[in-house]
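Scroll down for the structure; my scribbles are underneath it.
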Amino acid sequence: MTRNSHFDWDPVTGDDAAIGAALEHASAPVLMASLVHLTGDPGLLRGDIQVNMGGARDLQCGIPPEHQAKVRRMALDALKDYRESGCPAPPPLDSGSLREVLRFLTARDLPDDYVRFLMEESEFESDDAYGLEGLDSIPRSSREAFHVVIVGAGMSGLLAGHRLREAGIAFTIVERSMEVGGTWLDNAYPGCRVDNPSHVFEYSFARHAWPQYYCSQPVLLDYFRSFATTAGLRPHIRFGHEVEGADFDDGTWTVRIRDANGRREELRANALICATGQLNQPRLPDIEGLGDFDGPAFHSARWDASADLSGRRVAVIGTGASAMQLVPEVADSAAEVIVFQRTPPWIFPCPTYREDVPSGEQWLFDHVPYYARWYHFLLFWLDGEGLYASVTKDPEWPHQERSVSRANEALRDHMIDSIRRETGGDRELAEALVPDYPPCGKRLLVDDGTWYRTLTRDDVRLVTDPIERITRHGVRTGNGVEHEVDVIVLATGFHATRFLWPMTITVGGERDIREHWGDDPRAYLGIVVPGYPNLFCLYGPNTNIVITGSTIFFSECGMHYVLDCIRLLLENGHRSLECRKDVHDAYNEIIDEGNLQVAWGAPNVRSWYKNSSGRVTQNWPFKLLEYWTRTKSARPGDFHFA
């Protein structure tokens, strides 16, 4: 398959000084891995230069400055030799050398299945981590006769269309908006950006030269727009159409769609993929008088670009990810910003959160053999698997109300230090910003300190008194104070348990899945649901993440599984497959138990991860390896076939 060149490299050019300047931006551990490729000598990893995962969790991995400088000198010499020899492609490393690099970067010996997983994810053993095994042997006419309707042209919907197009399977994407992008189209508030590192928040088959370490919404939207065009997906998308409902009968889905003018039509499909995501239904707060306010009032996910906030008094209700990103931007133009906080978030300090990728570091990605791949690997490890221990519950830990383990307590202390440092000695403000629940019990945010520093400004106020009601002129709190404002921004999150909302999805005209689920959505692997044949969810129940990897990884695993389900249908001439209820129920018992063993399952934590009964409906509780392994193939014994 054609691959984006981000994981390839160009010849080394430039003089010694230019190469040396670029190396000043390098990650020393990543450079060491690249040096093994350049020199063919894994013995470089056996000296005094070693990573220390007990240190700061950055891309230097605890390597001290003097050793970083030594690595750069070694790399400069190796790159000069490489340049003078004409830049021949280094031969691939043998499995023993690859394992030694892994041991060096992770500071541990990894089991065989972990090695296979990490090598495939970072594309050292395969050009395409989520291939189309088995479908190639099925006659193309059979694949083209199989039609799939995909709901949504966001990240998962575009992924599904791309994989189906590769497989030669007919598909139609139905998108209610007039453009692709999903959440990155809907959330256009000032300051919106991703909170996963950009270099892991990308399709594995469409690597990108990201301009920022954590890219802003316009950059991400452009990525998905460009991908939809270059991947040839736009002719397959019905823009401006909403799916009202779908019914499965006699082996076929009938999908009812409506355009913006109210015109209705029906599509026939052999399979239905719902790629609507978890966070697409804005949640308005249950506050009395919300409709009484005289000025503009809108949700952050439905940003009113016509509302001029310059010189105005702005109330922001909520202190989650959206508020943390938009408040500093709004404060730069508004006369005053009043932030109403119910529960403070934990925020992991990240100095590069708003920084551009320097041209020197981009040069390393573009020219140093294997540097981009090992950089991706290290980010993937540190951002996901490497942090898992810090959220795992230790039942012997005595302070469960504030942390779930010693490692979780260390993470807590690290973030409290950041709060105190960034609030400049304002003890009252710092105390108000320290959460009373374990780190990662709710969504862990990422910031460079801008949020905390913004709250210290004279024209920004943090209000922690509970809101009593909205009035014509502003917000009244429980202490009787009315805060007069001109604009209200509701940064109050989403109805996370409303998967597939507001579609009516039935079988034989009965069993609407919304009624079947209520506020307790469940699916086997987050993908298939008993009683609903040939229905597949991407980014479905219990496939959200807190600290492990990115949602794109989960959707790619899920789509690999969906393709294997389609293979089972086509290979055996079946019209439908339906997940067995006993398989589904046993799996969900494992998921529920797993979520009780991590910070976000702590019983003293209320969050959008949980439904009204306290069950975690959103999150995956295990390491990434577990989901990757479970979705590698669809087991025929898990299904009823017709």
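By order of appearance in the structure tokens: chains A, B, ..., then residues from 1 within every chain, and ligands from 1 in the order shown.
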Residues of segment 152-306 of chain A classed as strand (DSSP E or B) by DSSP on the backbone are to be reported as an mmCIF file with C-alpha atoms, in the first residue's frame.
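Printed below is result38.cif as written:
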```cif
data_model
loop_
_atom_site.group_PDB
_atom_site.id
_atom_site.type_symbol
_atom_site.label_atom_id
_atom_site.label_comp_id
_atom_site.auth_asym_id
_atom_site.auth_seq_id
_atom_site.Cartn_x
_atom_site.Cartn_y
_atom_site.Cartn_z
ATOM 1 C CA ALA A 170 -18.856 -1.145 -1.742
ATOM 2 C CA PHE A 171 -19.771 1.493 0.829
ATOM 3 C CA THR A 172 -21.648 4.738 1.389
ATOM 4 C CA ILE A 173 -20.830 7.213 4.163
ATOM 5 C CA VAL A 174 -23.745 9.294 5.464
ATOM 6 C CA GLU A 175 -22.674 12.560 7.103
ATOM 7 C CA ARG A 193 -6.493 21.303 20.271
ATOM 8 C CA GLN A 212 2.928 21.300 16.533
ATOM 9 C CA SER A 216 -4.768 22.792 17.079
ATOM 10 C CA ILE A 237 -20.015 10.507 1.105
ATOM 11 C CA ARG A 238 -23.613 11.760 1.259
ATOM 12 C CA PHE A 239 -23.041 15.154 2.855
ATOM 13 C CA HIS A 241 -27.829 13.836 5.212
ATOM 14 C CA GLU A 242 -28.791 12.521 8.631
ATOM 15 C CA VAL A 243 -29.592 8.919 9.467
ATOM 16 C CA GLU A 244 -33.010 8.844 11.111
ATOM 17 C CA GLY A 245 -32.982 5.116 11.692
ATOM 18 C CA ALA A 246 -32.223 1.669 10.371
ATOM 19 C CA ASP A 247 -34.003 -1.678 10.493
ATOM 20 C CA PHE A 248 -32.554 -5.141 9.891
ATOM 21 C CA ASP A 249 -34.876 -7.642 8.250
ATOM 22 C CA THR A 252 -30.516 -6.652 4.995
ATOM 23 C CA TRP A 253 -30.340 -3.282 6.672
ATOM 24 C CA THR A 254 -32.739 -0.595 5.443
ATOM 25 C CA VAL A 255 -31.225 2.763 6.391
ATOM 26 C CA ARG A 256 -33.540 5.789 6.425
ATOM 27 C CA ILE A 257 -31.830 9.105 5.694
ATOM 28 C CA ARG A 258 -33.085 12.700 5.447
ATOM 29 C CA ASP A 259 -31.462 15.756 3.876
ATOM 30 C CA ARG A 264 -36.229 11.209 2.795
ATOM 31 C CA GLU A 265 -34.881 8.131 1.068
ATOM 32 C CA GLU A 266 -33.764 4.629 1.939
ATOM 33 C CA LEU A 267 -30.435 2.873 1.450
ATOM 34 C CA ARG A 268 -30.004 -0.891 1.443
ATOM 35 C CA ALA A 269 -26.941 -2.400 3.101
ATOM 36 C CA ALA A 271 -23.818 -4.251 7.047
ATOM 37 C CA LEU A 272 -24.133 -1.057 9.074
ATOM 38 C CA ILE A 273 -21.104 0.604 10.684
ATOM 39 C CA CYS A 274 -21.924 3.286 13.234
ATOM 40 C CA PRO A 282 -23.595 18.343 23.733
ATOM 41 C CA ALA A 297 -25.578 31.596 25.589
ATOM 42 C CA PHE A 298 -24.126 28.610 23.738
ATOM 43 C CA HIS A 299 -22.301 25.322 24.228
#
```
If you run DSSP on this backbone, which residues of segment 86-123 of chain A come out as alpha helix (DSSP H), and could you give them as a VMD selection string? chain A and resid 95 to 106 112 to 121
Emit the selected residues as a compact mmCIF listing (two decimals), in the first residue's frame, including N, CA and C atoms.
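Result saved to result21.txt:
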```txt
# COMPACT_ATOMS: atom_id res chain seq x y z
N SER A 95 16.31 -9.81 14.79
CA SER A 95 15.35 -9.79 15.89
C SER A 95 16.04 -9.57 17.23
N GLY A 96 17.25 -10.11 17.39
CA GLY A 96 17.96 -9.91 18.64
C GLY A 96 18.32 -8.46 18.88
N SER A 97 18.77 -7.79 17.82
CA SER A 97 19.11 -6.37 17.95
C SER A 97 17.88 -5.52 18.21
N LEU A 98 16.76 -5.85 17.54
CA LEU A 98 15.53 -5.12 17.79
C LEU A 98 15.09 -5.27 19.25
N ARG A 99 15.19 -6.47 19.78
CA ARG A 99 14.83 -6.69 21.17
C ARG A 99 15.74 -5.87 22.10
N GLU A 100 17.00 -5.76 21.73
CA GLU A 100 17.92 -5.00 22.57
C GLU A 100 17.57 -3.52 22.56
N VAL A 101 17.17 -3.01 21.40
CA VAL A 101 16.72 -1.61 21.34
C VAL A 101 15.48 -1.42 22.21
N LEU A 102 14.54 -2.37 22.11
CA LEU A 102 13.32 -2.28 22.93
C LEU A 102 13.67 -2.30 24.42
N ARG A 103 14.58 -3.17 24.80
CA ARG A 103 14.98 -3.26 26.20
C ARG A 103 15.61 -1.95 26.66
N PHE A 104 16.39 -1.34 25.79
CA PHE A 104 17.03 -0.06 26.13
C PHE A 104 15.98 1.04 26.31
N LEU A 105 15.02 1.14 25.39
CA LEU A 105 14.05 2.24 25.42
C LEU A 105 13.02 2.09 26.53
N THR A 106 12.66 0.86 26.89
CA THR A 106 11.63 0.64 27.90
C THR A 106 12.20 0.32 29.27
N ASP A 112 7.26 -11.99 24.53
CA ASP A 112 7.24 -12.11 23.07
C ASP A 112 6.02 -11.44 22.45
N ASP A 113 4.83 -11.63 23.07
CA ASP A 113 3.63 -11.05 22.47
C ASP A 113 3.68 -9.53 22.49
N TYR A 114 4.31 -8.97 23.54
CA TYR A 114 4.47 -7.52 23.61
C TYR A 114 5.40 -7.03 22.51
N VAL A 115 6.47 -7.77 22.28
CA VAL A 115 7.42 -7.39 21.24
C VAL A 115 6.74 -7.38 19.88
N ARG A 116 5.97 -8.44 19.58
CA ARG A 116 5.27 -8.50 18.30
C ARG A 116 4.31 -7.33 18.14
N PHE A 117 3.58 -7.03 19.21
CA PHE A 117 2.62 -5.93 19.18
C PHE A 117 3.31 -4.59 18.92
N LEU A 118 4.35 -4.30 19.67
CA LEU A 118 5.01 -3.01 19.55
C LEU A 118 5.74 -2.87 18.22
N MET A 119 6.33 -3.94 17.75
CA MET A 119 7.02 -3.87 16.47
C MET A 119 6.03 -3.66 15.32
N GLU A 120 4.87 -4.29 15.40
CA GLU A 120 3.88 -4.10 14.35
C GLU A 120 3.29 -2.70 14.41
N GLU A 121 3.00 -2.23 15.61
CA GLU A 121 2.42 -0.90 15.75
C GLU A 121 3.36 0.17 15.24
```
As a ChimeraX atom specification, please: the residues near Val337 of chain A (cut-off 9 Å, only C-alpha atoms, same-chain neighbours under 3 positions excluded). /A:312-316,327,330-331,334,459-462,485
Write out as a ChimeraX atom specification the residues lying within 12 Å of Ala153 of chain A, counting only C-alpha atoms and excluding same-chain residues fewer than 6 positions away. /A:159-162,172-186,221,224-225,227-228,233-234,236-242,273-277,538
Need the shell around segment 363-377 of chain A: protein/DNA/RNA residues with any atom at most 9 Å away, counting only C-alpha atoms. Skip same-chain ones fewer than 6 positions apart. Format as a PyMOL selection string? chain A and resi 5-13+19+22-23+25-27+29-31+33-35+37-38+59+79+89-90+118-119+121-124+199-200+209
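If you look at atom CA of Arg143 of chain A and atom CA of Ala167 of chain A, they are 7.7 Å away from each other.
Within 9 Å of Ala78 of chain A, once only C-alpha atoms are used and residues closer than 4 positions along the same chain are dropped, the contacting residues are Leu35, Leu38, Thr39, Arg73, Met74, Tyr82 and Arg83 of chain A.
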Rounded to one decimal, what separation in Å do you get between atom CA of Arg163 of chain A and atom CA of Pro92 of chain A? 28.1 Å
Out of A:Arg207, A:Arg283, A:Arg420, A:Arg165, which residue has the shortest atom-to-atom distance to Thr497 of chain A when counting only C-alpha atoms? A:Arg283
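The shortest atom-to-atom distance to Ser612 of chain A, with only C-alpha atoms taken into account, belongs to A:Asp520 out of A:Glu422, A:Glu288, A:Asp520, A:Glu396.
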With only C-alpha atoms as the counted atoms, please give the residues lying no more than 7 Å from Cys579 of chain A, apart from itself and same-chain residues fewer than 5 positions off, as a PyMOL selection string. chain A and resi 528-530+584+638-640
Take the residues from that selection and put them in a file with all heavy atoms, as a short mmCIF file (atom, residue, chain, number, x, y, z; two decimals), in the first residue's frame.
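Written file, out_1.cif:
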```cif
data_model
loop_
_atom_site.label_atom_id
_atom_site.label_comp_id
_atom_site.auth_asym_id
_atom_site.auth_seq_id
_atom_site.Cartn_x
_atom_site.Cartn_y
_atom_site.Cartn_z
N VAL A 528 -19.70 -5.28 18.51
CA VAL A 528 -20.90 -6.02 18.10
C VAL A 528 -21.82 -6.23 19.30
O VAL A 528 -21.36 -6.35 20.45
CB VAL A 528 -20.54 -7.36 17.45
CG1 VAL A 528 -19.91 -7.13 16.09
CG2 VAL A 528 -19.59 -8.17 18.33
N VAL A 529 -23.13 -6.30 19.03
CA VAL A 529 -24.15 -6.34 20.07
C VAL A 529 -25.10 -7.51 19.82
O VAL A 529 -25.63 -7.64 18.71
CB VAL A 529 -24.97 -5.03 20.10
CG1 VAL A 529 -25.97 -5.04 21.26
CG2 VAL A 529 -24.05 -3.82 20.19
N PRO A 530 -25.32 -8.38 20.80
CA PRO A 530 -26.28 -9.48 20.62
C PRO A 530 -27.66 -8.95 20.25
O PRO A 530 -28.12 -7.93 20.78
CB PRO A 530 -26.31 -10.15 22.00
CG PRO A 530 -25.02 -9.78 22.64
CD PRO A 530 -24.70 -8.40 22.13
N HIS A 584 -20.80 -12.20 24.82
CA HIS A 584 -20.90 -10.77 25.14
C HIS A 584 -20.93 -10.55 26.65
O HIS A 584 -20.21 -9.70 27.19
CB HIS A 584 -22.17 -10.22 24.49
CG HIS A 584 -22.60 -8.86 24.95
ND1 HIS A 584 -23.36 -8.67 26.09
CD2 HIS A 584 -22.38 -7.62 24.45
CE1 HIS A 584 -23.61 -7.39 26.25
NE2 HIS A 584 -23.01 -6.73 25.27
N ASP A 638 -17.78 -17.21 18.28
CA ASP A 638 -18.39 -16.12 19.05
C ASP A 638 -19.73 -15.67 18.47
O ASP A 638 -20.38 -14.79 19.05
CB ASP A 638 -17.45 -14.91 19.08
CG ASP A 638 -16.21 -15.16 19.93
OD1 ASP A 638 -16.21 -16.13 20.71
OD2 ASP A 638 -15.24 -14.38 19.81
N PHE A 639 -20.13 -16.27 17.32
CA PHE A 639 -21.29 -15.75 16.60
C PHE A 639 -22.32 -16.84 16.28
O PHE A 639 -22.00 -18.03 16.20
CB PHE A 639 -20.84 -15.12 15.27
CG PHE A 639 -19.90 -13.97 15.42
CD1 PHE A 639 -18.52 -14.15 15.33
CD2 PHE A 639 -20.37 -12.70 15.69
CE1 PHE A 639 -17.64 -13.10 15.47
CE2 PHE A 639 -19.50 -11.63 15.84
CZ PHE A 639 -18.14 -11.83 15.73
N HIS A 640 -23.56 -16.38 16.09
CA HIS A 640 -24.60 -17.15 15.41
C HIS A 640 -24.63 -16.68 13.96
O HIS A 640 -24.61 -15.47 13.69
CB HIS A 640 -25.97 -16.91 16.03
CG HIS A 640 -26.07 -17.33 17.47
ND1 HIS A 640 -25.88 -18.63 17.89
CD2 HIS A 640 -26.34 -16.60 18.60
CE1 HIS A 640 -26.03 -18.69 19.20
NE2 HIS A 640 -26.30 -17.47 19.66
#
```
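When only C-alpha atoms are used to measure the gap to Asp41 of chain A, the shortest distance among A:Ser607, A:Ala28, A:Pro91, A:Arg402 belongs to A:Pro91.
Nearest residue to Lys393 of chain A among A:Tyr524, A:Pro438, A:Tyr452, A:Ala430 is A:Pro438, counting only C-alpha atoms.
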